[in-house]
Amino acid sequence: MSELADVIAELNEDEAKRLVREKIDAGVEPMSIVDECRQGMDIVGERYKSKEYFLSELIVSGEIFKEAMAVVEPLLEGGKQAEPLSKMVLGTVKGDIHNIGKDIAGTLLTAAGFEVYDLGIDVAPGVFIDKLVETGASILGMSGLLTPSFESMKEVVKGVEEAGLRGKVKIIVGGGIMTEQVGEYVGADACTNDASEGVEMCKKFAREVK
Amino acid sequence: MIKETMTREERIRAAVNLEVSDRVPIVPLIYQFVFRYQGIKHTEGLKDAEKAFKALTDTFDDLGGFDAMIEPDFIWPASSWRICAAPTPYVVPGRDRISDDQSLQVAEQELMTVEDYDKIISKGWNGFCEEFLPRLRGRSLESLDANMKKLAAIRKRDAERWKERGVPVLSGASTMSCLMILSLSRTLTQFTLDLYRIPDKVEAVMDAMVDDLIENITNDMRFTGLPWIYFPLERGSCFYYPLKIFERFEFPYLKKMVDAFVAKGFTPMLHFDTDWTMNLPYLKDLPKGKCICELDSTSDIFKAKEILKGHMCIMGDVPATKLALGTPEDVTAYCEKLIDVVGKDGGFILSTGCECPVDAKFENVKAMVDSVKNHLPAC
């Protein structure tokens, strides 16, 4: 493991900033800095899975990752950017304004190599569909914390079917009250109440749709 | 139907005292459910307190009645202007960006800056609020004070009206923990970063807050005359934080508040949203038979019974998803399991897991209320 990956995994924000700057100044390839940051985030994910880390550590590491990317990304030339694992459309469904779970999932998905189109909160069904068509994304992630969000999610799934995209788009729903019953009710391919688990599910989808 | 031999108040008090009662008491949180069920809009309810109160009593009657109201009406939180909660704005369905038939929601945003921490440290929570709340609300201190007093008077009147119906109200005042107030006021992300970046300062802020919160609630309780404190908790749980954070930033302040309230004869209802299963053993350090541990269905309520049996009354936890998507048979089966396992040997109040959702099916809510009237804990 590189030193940068290690300090991110240890949530050492100041040291992570220092190392990123040091590597840039030393002329290290920006994409390799991104890879090291992602390795650190992978370790955080593993520690979360083994219950050594909690949601707070996902939040802190996510912020460290975002700070690093803010410095490194402007240095990436178009041609040198790595191919994303997959494109993904993400949003909290209509009638629900909760953003915390969605934002954490978005950060973790970006860190894992997904190209995430975050539509925000209270997103109307048609907006999800339009974005899927515009981007050609093969994964759709919908978030909701309240039970009325189930109807909104179901409506989006119906819209995906009507747009003829259902065979091309994997759908995952997430939120604190999600159960298998909800996943079945809305017609999703996967359902989770855990952002880190959601990333693993999306990685599996990315392998399947390639 | 089980023959009832106790009053509602006696039944609830027996549960808190960890004694067996004539049947398991039931106290659901039905406030959001009432709006869609009764076909009234949130905007109407906010404008017309009488209409909203009638919707509440009509729903109570339609459900065949239950053992207590947690709040007497829709005016939350119950407290003086020197609030013991985060002053987070609500998004009101039909008024703000969401449609009429949705739930009231909290619009979490960064209300307080890191610089505000120094002000709390130097002025205390109440001193800080004298400057903070007018700045936030764009109104004078006098105007805010007058408004809160008016709302508190309405609540007190509505609690009296429930009392006339023989229904106790379990919230003489409402407070959050220091951690909960700061997390909601800074936002989860910023507050979490504060805990990792400037932990000593956050601790000093909490030290400067806690006595004011106790004093404010004591004053509010004197005004309402109700001995119950509603205590919403969410952000300090193991869902968010490792135990080392809970042990330093949540539990010592929670314990100080609970101990002070219990010493004054009040009963705190600790409303635990999110998963607190790992935190539950700490509750054994709170006074025995003096508090309620209310769970929202994400904590393991059966594990809670194992841990807190003989120490603290447990309340909960029919899942919102089951009330919205399930059948009456599903709900009855789950409630009977709760009654049998968590209700065994007393110390249990059946309730919704947090709020009964706005889209719950009436027949499911009725099945939940009826379950305690038809089923006794297995011997």
# chains A, B, ... in the order shown; residues from 1 in each chain; ligands from 1
>>> closest_atom_pairs(of="chain A", to="chain B", cutoff="9 Å", atoms="only C-alpha atoms", output="tab-separated table")
residue	atom	partner	partner_atom	distance
A:Leu11	CA	B:Tyr196	CA	8.9
A:Glu13	CA	B:Arg197	CA	8.8
A:Glu52	CA	B:Pro242	CA	8.5
A:Tyr53	CA	B:Pro242	CA	7.2
A:Phe54	CA	B:Tyr241	CA	5.6
A:Leu55	CA	B:Tyr240	CA	4.8
A:Ser56	CA	B:Tyr240	CA	5.5
A:Glu57	CA	B:Tyr241	CA	8.0
A:Ile59	CA	B:Thr189	CA	6.5
A:Val60	CA	B:Leu193	CA	6.2
A:Glu63	CA	B:Leu193	CA	8.5
A:Lys94	CA	B:Ile98	CA	8.0
A:Gly95	CA	B:Ile98	CA	5.4
A:Asp96	CA	B:Ile98	CA	7.7
A:Ile97	CA	B:Ala107	CA	7.3
A:His98	CA	B:Ala107	CA	7.8
A:Asn99	CA	B:Glu108	CA	8.9
A:Ile100	CA	B:Leu188	CA	7.8
A:Asp122	CA	B:Ile98	CA	7.7
A:Leu146	CA	B:Pro357	CA	7.5
A:Thr147	CA	B:Thr321	CA	6.4
A:Pro148	CA	B:Asp359	CA	6.2
A:Gly176	CA	B:Thr274	CA	8.0
A:Ile177	CA	B:Thr321	CA	6.9
A:Met178	CA	B:Thr321	CA	7.9
A:Thr179	CA	B:Thr321	CA	8.0
A:Gln181	CA	B:Leu325	CA	8.1
A:Val182	CA	B:Thr321	CA	7.7
A:Tyr185	CA	B:Leu325	CA	8.4
>>> residues_around(residues="Lys344 of chain B", least_positions_apart="2", cutoff="10 Å", atoms="only C-alpha atoms", output="number ranges by chain")
B: 20, 24, 305, 309, 338-342, 346-348, 376-379
>>> select_by_dssp(residues="segment 25-108 of chain B", states="strand (DSSP E)", output="ChimeraX atom specification")
/B:90-91,105-106
>>> closest_residue(among="A:Glu208, A:Leu58, A:Lys168, A:Val72", to="Ala195 of chain A", atoms="only C-alpha atoms")
A:Leu58
>>> residues_around(residues="Lys290 of chain B", least_positions_apart="2", cutoff="8 Å", atoms="only C-alpha atoms", output="ChimeraX atom specification")
/B:16-17,262,267-268,287-288,292,312
>>> write_last_selection(atoms="N, CA, C and O atoms", output="JSON list (two decimals), in the first residue's frame")
[["chain", "number", "residue", "atom", "x", "y", "z"],
["B", 16, "VAL", "N", -43.41, 1.76, 32.73],
["B", 16, "VAL", "CA", -42.16, 2.49, 33.05],
["B", 16, "VAL", "C", -41.54, 1.91, 34.33],
["B", 16, "VAL", "O", -40.31, 1.75, 34.43],
["B", 17, "ASN", "N", -42.41, 1.54, 35.27],
["B", 17, "ASN", "CA", -41.92, 0.95, 36.53],
["B", 17, "ASN", "C", -41.50, -0.51, 36.39],
["B", 17, "ASN", "O", -41.19, -1.17, 37.39],
["B", 262, "VAL", "N", -34.54, 13.06, 36.06],
["B", 262, "VAL", "CA", -35.10, 12.01, 36.93],
["B", 262, "VAL", "C", -35.09, 12.49, 38.39],
["B", 262, "VAL", "O", -36.05, 12.28, 39.14],
["B", 267, "THR", "N", -39.96, 11.96, 33.72],
["B", 267, "THR", "CA", -39.69, 10.70, 33.03],
["B", 267, "THR", "C", -39.25, 10.98, 31.59],
["B", 267, "THR", "O", -40.08, 11.39, 30.77],
["B", 268, "PRO", "N", -37.99, 10.80, 31.26],
["B", 268, "PRO", "CA", -37.55, 11.03, 29.88],
["B", 268, "PRO", "C", -37.94, 9.86, 28.96],
["B", 268, "PRO", "O", -37.73, 8.69, 29.31],
["B", 287, "PRO", "N", -30.82, 5.76, 35.34],
["B", 287, "PRO", "CA", -31.60, 5.29, 36.50],
["B", 287, "PRO", "C", -32.60, 4.18, 36.14],
["B", 287, "PRO", "O", -33.27, 4.25, 35.11],
["B", 288, "LYS", "N", -32.67, 3.19, 36.99],
["B", 288, "LYS", "CA", -33.54, 2.02, 36.76],
["B", 288, "LYS", "C", -35.02, 2.39, 36.91],
["B", 288, "LYS", "O", -35.40, 3.06, 37.87],
["B", 292, "ILE", "N", -37.90, 5.72, 29.37],
["B", 292, "ILE", "CA", -38.41, 4.86, 28.30],
["B", 292, "ILE", "C", -37.39, 4.85, 27.17],
["B", 292, "ILE", "O", -36.89, 5.91, 26.77],
["B", 312, "MET", "N", -35.01, -0.96, 32.09],
["B", 312, "MET", "CA", -35.63, 0.18, 31.41],
["B", 312, "MET", "C", -36.79, -0.29, 30.53],
["B", 312, "MET", "O", -36.68, -1.30, 29.84]]
>>> residues_around(residues="Val27 of chain B", least_positions_apart="5", cutoff="10 Å", atoms="only C-alpha atoms", output="VMD selection string")
chain B and resid 12 65 to 70 169 to 170 315 to 316 349 to 352 369
>>> residues_around(residues="segment 114-116 of chain A", least_positions_apart="5", cutoff="6 Å", atoms="only C-alpha atoms", output="MDAnalysis selection string")
chainID A and resid 84:89 109
>>> write_last_selection(atoms="N, CA and C atoms", output="PDB file, in the first residue's frame")
ATOM      1  N   PRO A  84     -14.483   5.206 -16.859  1.00  0.00           N
ATOM      2  CA  PRO A  84     -15.243   4.922 -15.628  1.00  0.00           C
ATOM      3  C   PRO A  84     -15.726   3.473 -15.595  1.00  0.00           C
ATOM      4  N   LEU A  85     -15.916   2.978 -14.381  1.00  0.00           N
ATOM      5  CA  LEU A  85     -16.465   1.628 -14.243  1.00  0.00           C
ATOM      6  C   LEU A  85     -17.787   1.544 -14.975  1.00  0.00           C
ATOM      7  N   SER A  86     -18.563   2.613 -14.818  1.00  0.00           N
ATOM      8  CA  SER A  86     -19.861   2.697 -15.478  1.00  0.00           C
ATOM      9  C   SER A  86     -20.404   4.108 -15.254  1.00  0.00           C
ATOM     10  N   LYS A  87     -21.334   4.518 -16.096  1.00  0.00           N
ATOM     11  CA  LYS A  87     -22.028   5.781 -15.837  1.00  0.00           C
ATOM     12  C   LYS A  87     -23.245   5.469 -14.992  1.00  0.00           C
ATOM     13  N   MET A  88     -23.547   6.390 -14.089  1.00  0.00           N
ATOM     14  CA  MET A  88     -24.668   6.147 -13.189  1.00  0.00           C
ATOM     15  C   MET A  88     -25.450   7.432 -12.934  1.00  0.00           C
ATOM     16  N   VAL A  89     -26.766   7.327 -12.995  1.00  0.00           N
ATOM     17  CA  VAL A  89     -27.644   8.458 -12.646  1.00  0.00           C
ATOM     18  C   VAL A  89     -28.143   8.233 -11.223  1.00  0.00           C
ATOM     19  N   LEU A 109     -19.309   6.188  -4.620  1.00  0.00           N
ATOM     20  CA  LEU A 109     -19.360   5.667  -5.991  1.00  0.00           C
ATOM     21  C   LEU A 109     -18.323   6.360  -6.872  1.00  0.00           C
TER      22      LEU A 109
END
>>> decode(residues="segment 217-231 of chain B", atoms="N, CA and C atoms", output="short mmCIF file (atom, residue, chain, number, x, y, z; two decimals), in the first residue's frame")
data_model
loop_
_atom_site.label_atom_id
_atom_site.label_comp_id
_atom_site.auth_asym_id
_atom_site.auth_seq_id
_atom_site.Cartn_x
_atom_site.Cartn_y
_atom_site.Cartn_z
N ILE B 217 -35.44 23.17 30.16
CA ILE B 217 -36.46 22.12 30.22
C ILE B 217 -37.17 22.15 31.58
N THR B 218 -36.42 22.39 32.62
CA THR B 218 -37.02 22.46 33.96
C THR B 218 -38.06 23.59 34.00
N ASN B 219 -37.74 24.72 33.40
CA ASN B 219 -38.69 25.84 33.34
C ASN B 219 -39.93 25.48 32.53
N ASP B 220 -39.70 24.82 31.39
CA ASP B 220 -40.83 24.42 30.55
C ASP B 220 -41.74 23.44 31.27
N MET B 221 -41.14 22.52 32.00
CA MET B 221 -41.92 21.50 32.72
C MET B 221 -42.77 22.16 33.80
N ARG B 222 -42.21 23.20 34.40
CA ARG B 222 -42.95 23.94 35.43
C ARG B 222 -44.20 24.57 34.79
N PHE B 223 -44.04 25.04 33.56
CA PHE B 223 -45.16 25.69 32.87
C PHE B 223 -46.24 24.68 32.48
N THR B 224 -45.84 23.55 31.88
CA THR B 224 -46.86 22.61 31.38
C THR B 224 -47.41 21.72 32.49
N GLY B 225 -46.60 21.47 33.50
CA GLY B 225 -47.06 20.63 34.61
C GLY B 225 -47.16 19.15 34.25
N LEU B 226 -46.60 18.76 33.10
CA LEU B 226 -46.63 17.34 32.72
C LEU B 226 -45.25 16.73 33.03
N PRO B 227 -45.21 15.56 33.65
CA PRO B 227 -43.91 15.05 34.11
C PRO B 227 -43.10 14.27 33.07
N TRP B 228 -43.48 14.34 31.80
CA TRP B 228 -42.80 13.54 30.77
C TRP B 228 -41.96 14.42 29.86
N ILE B 229 -40.78 13.95 29.50
CA ILE B 229 -39.91 14.71 28.58
C ILE B 229 -39.68 13.89 27.31
N TYR B 230 -40.02 14.48 26.18
CA TYR B 230 -39.77 13.81 24.90
C TYR B 230 -38.35 14.17 24.45
N PHE B 231 -37.54 13.15 24.15
CA PHE B 231 -36.10 13.34 24.00
C PHE B 231 -35.64 12.69 22.69
#
